[in-house]
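Please read the structure below before turning to the comments.
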Amino acid sequence: MKKEFPLRPSRLEPIFVPRIWGTQTLAPLFSEKNKLSDAVGEVWLTGNDCKFADGPFAGYKLNDVWRDMALDWTGALFQADEKPRASFPLLVKFLFPADKLSIQVHPHDDYAHKHELASGGTGKTEIWYAISAQSESDVFVGLKPGVTRQVFRRAIDEGTVENCLNRLPVSAGDAIFVPAGTAHTIGAGSVLCEIQQNSDVTYRVFDYNRRQKDGTIRALHINKAMDVMNFDRQRGGKVEPARTSAQGAEVSHFIANKYFALEKWQFTKPIDWNSNQVHFDLWIVTAGKGRITWGEKSAEGHGEAEYHPGEVWFVPAVQGSWRIEPAARTTMLRAFVPDLARYSAHLSKLGISEDAVAQIVKR
């Protein structure tokens, strides 16, 4: 993979993952998947085993390519020196809950490195973006005031632990931040995009006494959950974005921390881009269709491809000029690993107030 490959936006193939709480129809993102034999709960877009669908890495798994990918593709933030890089840093999923997820918590990096090396040794901080939501859809994030370690532990034994969590109604367009150590679950009826550290380590504390198809009960991880759970000030919850405009697009800036940044772009007219050279971008299509084009039409290296809902596009850091041409009103999420100082300065140049930048940038 050290060979130089022509730069171009490249689509990744999704992986459909059955879950006990999943659904048999994946509208509105995958309308053709409406009579599934097994309930699918998650669609992984950038899992280690997700393959490139097109471009110079077509057929190769993302993580295999990533470990030796040239800096023109990854960006200068991911200098690998002479050794392979760690796993791809971002795991992007769609979630389709037809039932509640388990009540759970994820570890922070230090704990995962000590106790979860076999699973990658990485913690899990995440953010959810609500693509759609039925009436009464909700999530539960963080502990209510007064919930101590002792209160929470007793509630686990009594099967009332949901009563310890803050309920948040969910509407389309909401974003909910869930830092590592935050107790949470997701209710039925929404479709979410989850952007997170590349980790699948989950500690369940309660699973509503459900049984799987084979009659077994999913494992709980109460001791580990109690080790990592935050009983102090709760940081998770809904994120209010700062809104700007660019090239006729409506842009929402949700969050930036050392793990990921998330923006939403909504537009009906073409968007022209020049890559930043610092990091790659992931563009996640949640609504609309159209074309992505790159390179000068008269020059070698020019190309184009259609985009549709449910897709993720990997855009190299040194892509140069490229364009999104919508055929219908389009909504895309832009996710990346930021240089926080540089990104803060960028937000300030957009006219976002100092206080709002401080709210977006979670160091």
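By convention here, the chains of the structure tokens are called A, B, ... in the order presented, each chain's residues are numbered starting at 1, and ligands are numbered starting at 1 in the order presented.
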Please provide the set of residues having any atom within 8 Å of Leu168 in chain A, restricted to only C-alpha atoms, with same-chain residues fewer than 2 positions apart removed, written as a VMD selection string.
chain A and resid 138 to 141 166 170 237
For the residues in the current selection, export C-alpha atoms as a short mmCIF file (atom, residue, chain, number, x, y, z; two decimals), in the first residue's frame.
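File again_8.cif, as written:
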```cif
data_model
loop_
_atom_site.label_atom_id
_atom_site.label_comp_id
_atom_site.auth_asym_id
_atom_site.auth_seq_id
_atom_site.Cartn_x
_atom_site.Cartn_y
_atom_site.Cartn_z
CA ASP A 138 -36.50 8.76 23.08
CA VAL A 139 -33.05 8.03 24.40
CA PHE A 140 -31.76 7.84 27.97
CA VAL A 141 -28.41 9.53 28.61
CA ASN A 166 -32.35 11.05 32.13
CA VAL A 170 -35.72 12.69 20.15
CA GLY A 237 -26.94 14.99 26.36
#
```
Close residues, Leu333 in chain A itself excluded, 10 Å, only C-alpha atoms, min 5 positions apart in chain, as a PDB file with N, CA and C atoms, in the first residue's frame:
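New file around-v8.pdb:
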```
ATOM      1  N   TYR A 129     -26.653  11.211  15.740  1.00  0.00           N
ATOM      2  CA  TYR A 129     -27.441  12.183  14.988  1.00  0.00           C
ATOM      3  C   TYR A 129     -28.726  11.494  14.549  1.00  0.00           C
ATOM      4  N   CYS A 193     -27.531   8.022  13.193  1.00  0.00           N
ATOM      5  CA  CYS A 193     -26.162   7.834  12.722  1.00  0.00           C
ATOM      6  C   CYS A 193     -25.254   8.018  13.920  1.00  0.00           C
ATOM      7  N   ILE A 195     -21.405   8.297  15.318  1.00  0.00           N
ATOM      8  CA  ILE A 195     -19.991   8.535  15.027  1.00  0.00           C
ATOM      9  C   ILE A 195     -19.251   8.325  16.329  1.00  0.00           C
ATOM     10  N   VAL A 251     -25.133  24.987   7.280  1.00  0.00           N
ATOM     11  CA  VAL A 251     -24.126  24.162   7.962  1.00  0.00           C
ATOM     12  C   VAL A 251     -24.364  24.217   9.463  1.00  0.00           C
ATOM     13  N   SER A 252     -24.433  23.053  10.096  1.00  0.00           N
ATOM     14  CA  SER A 252     -24.554  22.940  11.550  1.00  0.00           C
ATOM     15  C   SER A 252     -23.269  22.346  12.093  1.00  0.00           C
ATOM     16  N   LEU A 262     -18.044  16.724  14.105  1.00  0.00           N
ATOM     17  CA  LEU A 262     -19.241  16.408  13.323  1.00  0.00           C
ATOM     18  C   LEU A 262     -19.924  17.692  12.883  1.00  0.00           C
ATOM     19  N   GLU A 263     -20.213  17.755  11.584  1.00  0.00           N
ATOM     20  CA  GLU A 263     -20.988  18.841  10.987  1.00  0.00           C
ATOM     21  C   GLU A 263     -22.113  18.242  10.153  1.00  0.00           C
ATOM     22  N   LYS A 264     -23.158  19.049   9.914  1.00  0.00           N
ATOM     23  CA  LYS A 264     -24.229  18.675   8.985  1.00  0.00           C
ATOM     24  C   LYS A 264     -24.304  19.722   7.888  1.00  0.00           C
ATOM     25  N   TRP A 265     -24.374  19.261   6.637  1.00  0.00           N
ATOM     26  CA  TRP A 265     -24.490  20.140   5.476  1.00  0.00           C
ATOM     27  C   TRP A 265     -25.798  19.816   4.755  1.00  0.00           C
ATOM     28  N   GLN A 266     -26.616  20.865   4.514  1.00  0.00           N
ATOM     29  CA  GLN A 266     -27.855  20.720   3.762  1.00  0.00           C
ATOM     30  C   GLN A 266     -27.836  21.712   2.596  1.00  0.00           C
ATOM     31  N   LEU A 282     -14.945  12.061   6.094  1.00  0.00           N
ATOM     32  CA  LEU A 282     -16.004  11.105   5.788  1.00  0.00           C
ATOM     33  C   LEU A 282     -17.278  11.898   5.537  1.00  0.00           C
ATOM     34  N   TRP A 283     -17.884  11.693   4.373  1.00  0.00           N
ATOM     35  CA  TRP A 283     -19.155  12.340   4.031  1.00  0.00           C
ATOM     36  C   TRP A 283     -20.222  11.257   4.009  1.00  0.00           C
ATOM     37  N   ILE A 284     -21.223  11.410   4.886  1.00  0.00           N
ATOM     38  CA  ILE A 284     -22.250  10.396   5.107  1.00  0.00           C
ATOM     39  C   ILE A 284     -23.559  10.941   4.559  1.00  0.00           C
ATOM     40  N   VAL A 285     -24.129  10.254   3.576  1.00  0.00           N
ATOM     41  CA  VAL A 285     -25.338  10.740   2.911  1.00  0.00           C
ATOM     42  C   VAL A 285     -26.557  10.249   3.683  1.00  0.00           C
ATOM     43  N   THR A 286     -27.337  11.172   4.230  1.00  0.00           N
ATOM     44  CA  THR A 286     -28.545  10.789   4.966  1.00  0.00           C
ATOM     45  C   THR A 286     -29.820  11.097   4.201  1.00  0.00           C
ATOM     46  N   ALA A 287     -29.753  11.959   3.196  1.00  0.00           N
ATOM     47  CA  ALA A 287     -30.919  12.258   2.357  1.00  0.00           C
ATOM     48  C   ALA A 287     -30.429  12.888   1.059  1.00  0.00           C
ATOM     49  N   VAL A 312     -21.339   6.195   2.610  1.00  0.00           N
ATOM     50  CA  VAL A 312     -20.267   6.993   3.190  1.00  0.00           C
ATOM     51  C   VAL A 312     -19.147   7.079   2.156  1.00  0.00           C
TER      52      VAL A 312
END
```
Excluding Arg329 in chain A and its own-chain neighbours fewer than 3 positions away, which residues fall within 6 Å of it when counting only C-alpha atoms? Please give them as a PyMOL selection string.
chain A and resi 267-268+288
Just the selected residues (C-alpha atoms), exported as a short mmCIF file (atom, residue, chain, number, x, y, z; two decimals), in the first residue's frame, please.
```cif
data_model
loop_
_atom_site.label_atom_id
_atom_site.label_comp_id
_atom_site.auth_asym_id
_atom_site.auth_seq_id
_atom_site.Cartn_x
_atom_site.Cartn_y
_atom_site.Cartn_z
CA PHE A 267 -27.96 22.10 0.23
CA THR A 268 -29.73 22.22 -3.11
CA GLY A 288 -30.83 13.25 -1.31
#
```
Based on DSSP run over this structure's backbone, return all residues of range 33-188 of chain A in alpha helix (DSSP H), as a VMD selection string.
chain A and resid 62 to 66 71 to 74 109 to 115 149 to 158
Now that the selection is made, can you save its residues with C-alpha atoms as a tab-separated table (two decimals), in the first residue's frame?
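The resulting file, result.tsv, is shown below:
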```tsv
chain	number	residue	atom	x	y	z
A	62	LEU	CA	-10.51	-0.42	5.13
A	63	ASN	CA	-8.26	-1.38	8.03
A	64	ASP	CA	-5.85	-3.31	5.83
A	65	VAL	CA	-5.48	-0.29	3.57
A	66	TRP	CA	-5.37	2.24	6.41
A	71	LEU	CA	-0.27	10.71	3.85
A	72	ASP	CA	-1.94	12.25	0.79
A	73	TRP	CA	-4.91	10.07	1.71
A	74	THR	CA	-4.82	10.14	5.51
A	109	ASP	CA	-9.24	4.76	26.90
A	110	ASP	CA	-7.16	4.07	30.00
A	111	TYR	CA	-9.51	1.35	31.27
A	112	ALA	CA	-9.88	-0.23	27.83
A	113	HIS	CA	-6.11	-0.32	27.39
A	114	LYS	CA	-5.73	-2.17	30.68
A	115	HIS	CA	-8.69	-4.54	30.40
A	149	ARG	CA	-23.16	4.37	43.08
A	150	GLN	CA	-25.17	2.64	45.81
A	151	VAL	CA	-28.54	3.77	44.38
A	152	PHE	CA	-27.59	2.63	40.89
A	153	ARG	CA	-26.30	-0.75	42.05
A	154	ARG	CA	-29.49	-1.42	44.00
A	155	ALA	CA	-31.58	-0.44	40.96
A	156	ILE	CA	-29.75	-3.03	38.84
A	157	ASP	CA	-30.76	-5.76	41.30
A	158	GLU	CA	-34.34	-4.49	41.40
```
Any idea what's packed within 10 Å of Gln79 in chain A, counting only C-alpha atoms, ignoring anything in its chain fewer than 6 positions away? Could you give it as a PDB file with N, CA and C atoms, in the first residue's frame?
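Output (result-v1.pdb):
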```pdb
ATOM      1  N   ASP A  68      -1.148   1.313   6.081  1.00  0.00           N
ATOM      2  CA  ASP A  68      -0.005   1.806   5.310  1.00  0.00           C
ATOM      3  C   ASP A  68      -0.403   2.866   4.287  1.00  0.00           C
ATOM      4  N   MET A  69      -1.576   3.447   4.448  1.00  0.00           N
ATOM      5  CA  MET A  69      -2.082   4.417   3.476  1.00  0.00           C
ATOM      6  C   MET A  69      -1.187   5.658   3.439  1.00  0.00           C
ATOM      7  N   ALA A  70      -0.960   6.183   2.254  1.00  0.00           N
ATOM      8  CA  ALA A  70      -0.095   7.352   2.086  1.00  0.00           C
ATOM      9  C   ALA A  70      -0.704   8.575   2.760  1.00  0.00           C
ATOM     10  N   LEU A  71       0.180   9.509   3.163  1.00  0.00           N
ATOM     11  CA  LEU A  71      -0.272  10.712   3.852  1.00  0.00           C
ATOM     12  C   LEU A  71      -1.177  11.579   2.983  1.00  0.00           C
ATOM     13  N   ARG A  85       0.034   2.065  11.222  1.00  0.00           N
ATOM     14  CA  ARG A  85      -0.839   2.817  12.112  1.00  0.00           C
ATOM     15  C   ARG A  85      -1.714   1.871  12.936  1.00  0.00           C
TER      16      ARG A  85
END
```
Need the shell around Ala358 in chain A: protein/DNA/RNA residues with any atom at most 12 Å away, counting only C-alpha atoms. Skip same-chain ones fewer than 5 positions apart. Format as a list in words?
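Result of the neighbour search: Pro241, Ala242, His253, Phe254, Ile255, Ala256, Asn257, Leu340, Ala341, Tyr343, Ser344, Ala345, Leu347, Ser348, Ile352, Ser353 and Arg363 of chain A.
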Please write the residues from the selection above to a file, keeping N, CA and C atoms, as a short mmCIF file (atom, residue, chain, number, x, y, z; two decimals), in the first residue's frame.
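Written out: part_4.cif:
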```
data_model
loop_
_atom_site.label_atom_id
_atom_site.label_comp_id
_atom_site.auth_asym_id
_atom_site.auth_seq_id
_atom_site.Cartn_x
_atom_site.Cartn_y
_atom_site.Cartn_z
N PRO A 241 -26.18 23.00 18.04
CA PRO A 241 -25.13 23.38 17.10
C PRO A 241 -25.06 24.89 16.88
N ALA A 242 -23.91 25.32 16.41
CA ALA A 242 -23.78 26.67 15.85
C ALA A 242 -24.05 26.55 14.35
N HIS A 253 -22.66 23.04 13.05
CA HIS A 253 -21.42 22.58 13.67
C HIS A 253 -21.76 22.03 15.05
N PHE A 254 -21.67 20.71 15.22
CA PHE A 254 -22.14 20.08 16.45
C PHE A 254 -21.07 19.98 17.53
N ILE A 255 -19.94 19.39 17.20
CA ILE A 255 -18.99 19.07 18.25
C ILE A 255 -17.61 18.82 17.64
N ALA A 256 -16.59 19.05 18.44
CA ALA A 256 -15.22 18.67 18.07
C ALA A 256 -14.48 18.32 19.35
N ASN A 257 -13.88 17.16 19.37
CA ASN A 257 -13.01 16.75 20.48
C ASN A 257 -11.83 16.01 19.90
N LEU A 340 -7.56 20.35 16.79
CA LEU A 340 -8.48 21.19 17.55
C LEU A 340 -8.14 22.68 17.47
N ALA A 341 -6.85 22.99 17.54
CA ALA A 341 -6.48 24.41 17.46
C ALA A 341 -6.85 24.99 16.11
N TYR A 343 -9.10 23.85 14.01
CA TYR A 343 -10.55 23.85 13.81
C TYR A 343 -11.21 24.98 14.61
N SER A 344 -10.72 25.24 15.80
CA SER A 344 -11.24 26.36 16.60
C SER A 344 -11.05 27.67 15.86
N ALA A 345 -9.86 27.85 15.27
CA ALA A 345 -9.60 29.07 14.51
C ALA A 345 -10.52 29.16 13.30
N LEU A 347 -13.58 27.93 13.06
CA LEU A 347 -14.90 28.31 13.52
C LEU A 347 -14.98 29.80 13.82
N SER A 348 -13.93 30.33 14.42
CA SER A 348 -13.91 31.76 14.72
C SER A 348 -13.96 32.59 13.45
N ILE A 352 -18.43 32.57 14.32
CA ILE A 352 -19.03 31.95 15.50
C ILE A 352 -18.41 32.57 16.75
N SER A 353 -19.23 32.90 17.72
CA SER A 353 -18.75 33.60 18.91
C SER A 353 -17.78 32.73 19.71
N ARG A 363 -12.50 19.73 24.66
CA ARG A 363 -11.11 19.26 24.73
C ARG A 363 -10.96 18.12 25.73
#
```
Cut-off 8 Å: closest range 200-258 of chain A/range 176-186 of chain A atom pairs per residue, using only C-alpha atoms, as a Markdown table:
```
| residue | atom | partner | partner_atom | distance |
| --- | --- | --- | --- | --- |
| A:Val228 | CA | A:Gly181 | CA | 5.4 |
| A:Met229 | CA | A:Gly181 | CA | 4.4 |
| A:Asn230 | CA | A:Gly181 | CA | 5.1 |
| A:Gln234 | CA | A:Thr182 | CA | 7.4 |
| A:Arg235 | CA | A:Pro179 | CA | 7.1 |
| A:Gly236 | CA | A:Val178 | CA | 4.9 |
| A:Gly237 | CA | A:Ile176 | CA | 5.1 |
| A:Lys238 | CA | A:Ile176 | CA | 4.2 |
| A:Val239 | CA | A:Ile176 | CA | 5.7 |
```
Filtering to C-alpha atoms, could you give me those residues as a PDB file, in the first residue's frame?
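Output (part-v4.pdb):
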```pdb
ATOM      1  CA  VAL A 228     -16.061   2.909  34.493  1.00  0.00           C
ATOM      2  CA  MET A 229     -19.391   4.628  35.135  1.00  0.00           C
ATOM      3  CA  ASN A 230     -19.312   8.337  35.874  1.00  0.00           C
ATOM      4  CA  GLN A 234     -22.906  14.318  33.764  1.00  0.00           C
ATOM      5  CA  ARG A 235     -21.541  15.617  30.437  1.00  0.00           C
ATOM      6  CA  GLY A 236     -23.735  13.775  27.954  1.00  0.00           C
ATOM      7  CA  GLY A 237     -26.935  14.989  26.362  1.00  0.00           C
ATOM      8  CA  LYS A 238     -28.305  16.988  23.452  1.00  0.00           C
ATOM      9  CA  VAL A 239     -25.880  19.245  21.593  1.00  0.00           C
TER      10      VAL A 239
END
```
List the neighbours of range 54-60 of chain A out to 10 Å using only C-alpha atoms; skip same-chain residues closer than 3 positions along the sequence, and give me the result as a PDB file with N, CA and C atoms, in the first residue's frame.
```
ATOM      1  N   MET A   1       0.809  -1.207   0.000  1.00  0.00           N
ATOM      2  CA  MET A   1       0.000   0.000   0.000  1.00  0.00           C
ATOM      3  C   MET A   1       0.850   1.268   0.000  1.00  0.00           C
ATOM      4  N   GLU A   4       1.921   4.804  -4.679  1.00  0.00           N
ATOM      5  CA  GLU A   4       1.056   5.976  -4.811  1.00  0.00           C
ATOM      6  C   GLU A   4      -0.146   5.615  -5.665  1.00  0.00           C
ATOM      7  N   PHE A   5      -1.331   5.993  -5.194  1.00  0.00           N
ATOM      8  CA  PHE A   5      -2.562   5.732  -5.919  1.00  0.00           C
ATOM      9  C   PHE A   5      -3.233   7.057  -6.259  1.00  0.00           C
ATOM     10  N   PRO A   6      -3.924   7.123  -7.382  1.00  0.00           N
ATOM     11  CA  PRO A   6      -4.593   8.382  -7.749  1.00  0.00           C
ATOM     12  C   PRO A   6      -5.642   8.761  -6.713  1.00  0.00           C
ATOM     13  N   LEU A   7      -5.627  10.044  -6.335  1.00  0.00           N
ATOM     14  CA  LEU A   7      -6.545  10.523  -5.309  1.00  0.00           C
ATOM     15  C   LEU A   7      -7.943  10.708  -5.885  1.00  0.00           C
ATOM     16  N   ARG A   8      -8.947  10.250  -5.127  1.00  0.00           N
ATOM     17  CA  ARG A   8     -10.337  10.439  -5.530  1.00  0.00           C
ATOM     18  C   ARG A   8     -11.245  10.074  -4.356  1.00  0.00           C
ATOM     19  N   PRO A   9     -12.389  10.722  -4.224  1.00  0.00           N
ATOM     20  CA  PRO A   9     -13.362  10.258  -3.231  1.00  0.00           C
ATOM     21  C   PRO A   9     -13.748   8.813  -3.526  1.00  0.00           C
ATOM     22  N   SER A  10     -13.848   8.011  -2.470  1.00  0.00           N
ATOM     23  CA  SER A  10     -14.101   6.582  -2.646  1.00  0.00           C
ATOM     24  C   SER A  10     -15.171   6.118  -1.659  1.00  0.00           C
ATOM     25  N   ARG A  11     -16.095   5.325  -2.160  1.00  0.00           N
ATOM     26  CA  ARG A  11     -17.212   4.848  -1.346  1.00  0.00           C
ATOM     27  C   ARG A  11     -16.842   3.545  -0.650  1.00  0.00           C
ATOM     28  N   LEU A  12     -17.370   3.362   0.557  1.00  0.00           N
ATOM     29  CA  LEU A  12     -17.179   2.129   1.311  1.00  0.00           C
ATOM     30  C   LEU A  12     -18.467   1.319   1.341  1.00  0.00           C
ATOM     31  N   GLU A  13     -18.319  -0.005   1.284  1.00  0.00           N
ATOM     32  CA  GLU A  13     -19.481  -0.898   1.341  1.00  0.00           C
ATOM     33  C   GLU A  13     -19.931  -1.086   2.784  1.00  0.00           C
ATOM     34  N   ASP A  49     -13.632  -4.253   8.701  1.00  0.00           N
ATOM     35  CA  ASP A  49     -13.834  -5.196   7.601  1.00  0.00           C
ATOM     36  C   ASP A  49     -14.650  -4.619   6.452  1.00  0.00           C
ATOM     37  N   CYS A  50     -15.071  -3.357   6.555  1.00  0.00           N
ATOM     38  CA  CYS A  50     -15.783  -2.733   5.435  1.00  0.00           C
ATOM     39  C   CYS A  50     -14.823  -2.564   4.257  1.00  0.00           C
ATOM     40  N   LYS A  51     -15.284  -2.904   3.072  1.00  0.00           N
ATOM     41  CA  LYS A  51     -14.434  -2.849   1.883  1.00  0.00           C
ATOM     42  C   LYS A  51     -14.718  -1.602   1.056  1.00  0.00           C
ATOM     43  N   ASN A  63      -9.349  -1.363   7.056  1.00  0.00           N
ATOM     44  CA  ASN A  63      -8.265  -1.376   8.034  1.00  0.00           C
ATOM     45  C   ASN A  63      -6.961  -1.892   7.439  1.00  0.00           C
ATOM     46  N   ASP A  64      -7.062  -2.816   6.487  1.00  0.00           N
ATOM     47  CA  ASP A  64      -5.850  -3.314   5.827  1.00  0.00           C
ATOM     48  C   ASP A  64      -5.194  -2.204   5.017  1.00  0.00           C
ATOM     49  N   VAL A  65      -6.004  -1.397   4.356  1.00  0.00           N
ATOM     50  CA  VAL A  65      -5.478  -0.291   3.566  1.00  0.00           C
ATOM     51  C   VAL A  65      -4.942   0.812   4.475  1.00  0.00           C
ATOM     52  N   ALA A 305     -19.094  10.094  -9.844  1.00  0.00           N
ATOM     53  CA  ALA A 305     -19.860   8.952  -9.355  1.00  0.00           C
ATOM     54  C   ALA A 305     -21.148   9.468  -8.729  1.00  0.00           C
TER      55      ALA A 305
END
```
Write out as a PyMOL selection string all residues of range 24-222 of chain A that DSSP puts in strand (DSSP E) for this structure's backbone.
chain A and resi 40-44+90-95+103-105+126-133+138-143+165-169+175-178+184-186+190-197+203-206
If you keep C-alpha atoms, can you produce a file of those selected residues as a PDB file, in the first residue's frame?
```pdb
ATOM      1  CA  VAL A  40     -30.806  -5.818  11.576  1.00  0.00           C
ATOM      2  CA  GLY A  41     -29.882  -3.279  14.245  1.00  0.00           C
ATOM      3  CA  GLU A  42     -26.648  -1.759  12.984  1.00  0.00           C
ATOM      4  CA  VAL A  43     -25.180  -0.922   9.595  1.00  0.00           C
ATOM      5  CA  TRP A  44     -21.427  -0.456   9.879  1.00  0.00           C
ATOM      6  CA  LEU A  90     -13.617   6.394  13.381  1.00  0.00           C
ATOM      7  CA  LEU A  91     -16.430   3.876  13.429  1.00  0.00           C
ATOM      8  CA  VAL A  92     -19.563   5.187  11.718  1.00  0.00           C
ATOM      9  CA  LYS A  93     -22.828   3.262  12.004  1.00  0.00           C
ATOM     10  CA  PHE A  94     -26.522   3.594  11.303  1.00  0.00           C
ATOM     11  CA  LEU A  95     -28.741   2.330  14.125  1.00  0.00           C
ATOM     12  CA  ILE A 103     -28.787  -0.136  29.460  1.00  0.00           C
ATOM     13  CA  GLN A 104     -25.030   0.126  29.081  1.00  0.00           C
ATOM     14  CA  VAL A 105     -21.849   2.101  29.421  1.00  0.00           C
ATOM     15  CA  GLU A 126     -19.727   8.685  20.636  1.00  0.00           C
ATOM     16  CA  ILE A 127     -22.334  11.068  19.265  1.00  0.00           C
ATOM     17  CA  TRP A 128     -25.712  10.201  17.727  1.00  0.00           C
ATOM     18  CA  TYR A 129     -27.441  12.183  14.988  1.00  0.00           C
ATOM     19  CA  ALA A 130     -31.174  11.512  14.536  1.00  0.00           C
ATOM     20  CA  ILE A 131     -31.955  10.979  10.851  1.00  0.00           C
ATOM     21  CA  SER A 132     -35.616  10.295  11.570  1.00  0.00           C
ATOM     22  CA  ALA A 133     -37.757   9.772  14.635  1.00  0.00           C
ATOM     23  CA  ASP A 138     -36.495   8.761  23.079  1.00  0.00           C
ATOM     24  CA  VAL A 139     -33.050   8.029  24.400  1.00  0.00           C
ATOM     25  CA  PHE A 140     -31.761   7.842  27.969  1.00  0.00           C
ATOM     26  CA  VAL A 141     -28.409   9.526  28.615  1.00  0.00           C
ATOM     27  CA  GLY A 142     -26.684  10.182  31.930  1.00  0.00           C
ATOM     28  CA  LEU A 143     -27.802   9.809  35.518  1.00  0.00           C
ATOM     29  CA  LEU A 165     -31.375   7.750  33.724  1.00  0.00           C
ATOM     30  CA  ASN A 166     -32.355  11.047  32.128  1.00  0.00           C
ATOM     31  CA  ARG A 167     -34.972  10.557  29.405  1.00  0.00           C
ATOM     32  CA  LEU A 168     -34.536  12.754  26.315  1.00  0.00           C
ATOM     33  CA  PRO A 169     -37.238  12.919  23.621  1.00  0.00           C
ATOM     34  CA  ALA A 175     -27.565  15.312  18.094  1.00  0.00           C
ATOM     35  CA  ILE A 176     -26.795  13.602  21.409  1.00  0.00           C
ATOM     36  CA  PHE A 177     -23.293  13.369  22.868  1.00  0.00           C
ATOM     37  CA  VAL A 178     -22.387  10.258  24.890  1.00  0.00           C
ATOM     38  CA  HIS A 184     -27.291   5.235  28.371  1.00  0.00           C
ATOM     39  CA  THR A 185     -29.755   3.392  26.196  1.00  0.00           C
ATOM     40  CA  ILE A 186     -31.751   4.097  23.025  1.00  0.00           C
ATOM     41  CA  SER A 190     -35.638   6.483  15.606  1.00  0.00           C
ATOM     42  CA  VAL A 191     -32.951   6.007  12.974  1.00  0.00           C
ATOM     43  CA  LEU A 192     -29.604   7.289  14.181  1.00  0.00           C
ATOM     44  CA  CYS A 193     -26.162   7.834  12.722  1.00  0.00           C
ATOM     45  CA  GLU A 194     -23.497   7.092  15.315  1.00  0.00           C
ATOM     46  CA  ILE A 195     -19.991   8.535  15.027  1.00  0.00           C
ATOM     47  CA  GLN A 196     -17.584   7.086  17.587  1.00  0.00           C
ATOM     48  CA  GLN A 197     -14.140   5.877  18.419  1.00  0.00           C
ATOM     49  CA  TYR A 203     -20.728  -3.132  29.252  1.00  0.00           C
ATOM     50  CA  ARG A 204     -24.397  -4.052  29.757  1.00  0.00           C
ATOM     51  CA  VAL A 205     -26.013  -3.604  33.153  1.00  0.00           C
ATOM     52  CA  PHE A 206     -29.620  -4.482  32.247  1.00  0.00           C
TER      53      PHE A 206
END
```
For the atom pair CA of Ala328 in chain A and CA of Gly290 in chain A, what is the interatomic distance in Å to one decimal place?
6.9 Å
Straight-line distance linking CA of Ile292 in chain A with CA of Arg323 in chain A, stated in Å to one decimal:
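Separating CA of Ile292 in chain A from CA of Arg323 in chain A is a distance of 5.7 Å.
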So how many Å separate CA of Ala335 in chain A and CA of Ala261 in chain A, to one decimal?
5.6 Å
Counting only C-alpha atoms, what is within 10 Å of Leu77 in chain A, bar same-chain residues fewer than 2 positions away, as a PyMOL selection string?
chain A and resi 71+74-75+79-80+277-280+317+337-339
Export of prior selection with C-alpha atoms as a compact mmCIF listing (two decimals), in the first residue's frame:
```
# COMPACT_ATOMS: atom_id res chain seq x y z
CA LEU A 71 -0.27 10.71 3.85
CA THR A 74 -4.82 10.14 5.51
CA GLY A 75 -3.54 13.66 6.19
CA GLN A 79 1.90 10.21 10.24
CA ALA A 80 2.76 6.53 10.69
CA GLN A 277 -4.27 18.43 3.80
CA VAL A 278 -4.50 17.83 7.58
CA HIS A 279 -7.06 15.01 7.75
CA PHE A 280 -9.30 12.85 5.60
CA ALA A 317 -6.76 14.81 2.72
CA VAL A 337 -10.61 13.73 13.34
CA PRO A 338 -9.74 17.40 13.88
CA ASP A 339 -6.68 19.39 14.71
```
Pick from A:Val147, A:Leu101, A:Ala219, A:Ala225 nearest to Ala188 in chain A, counting only C-alpha atoms
A:Leu101
Of the listed residues A:Gly159, A:Pro89, A:Pro270, A:Gly310, that which approaches Ile15 in chain A most closely, counting only C-alpha atoms
A:Gly310
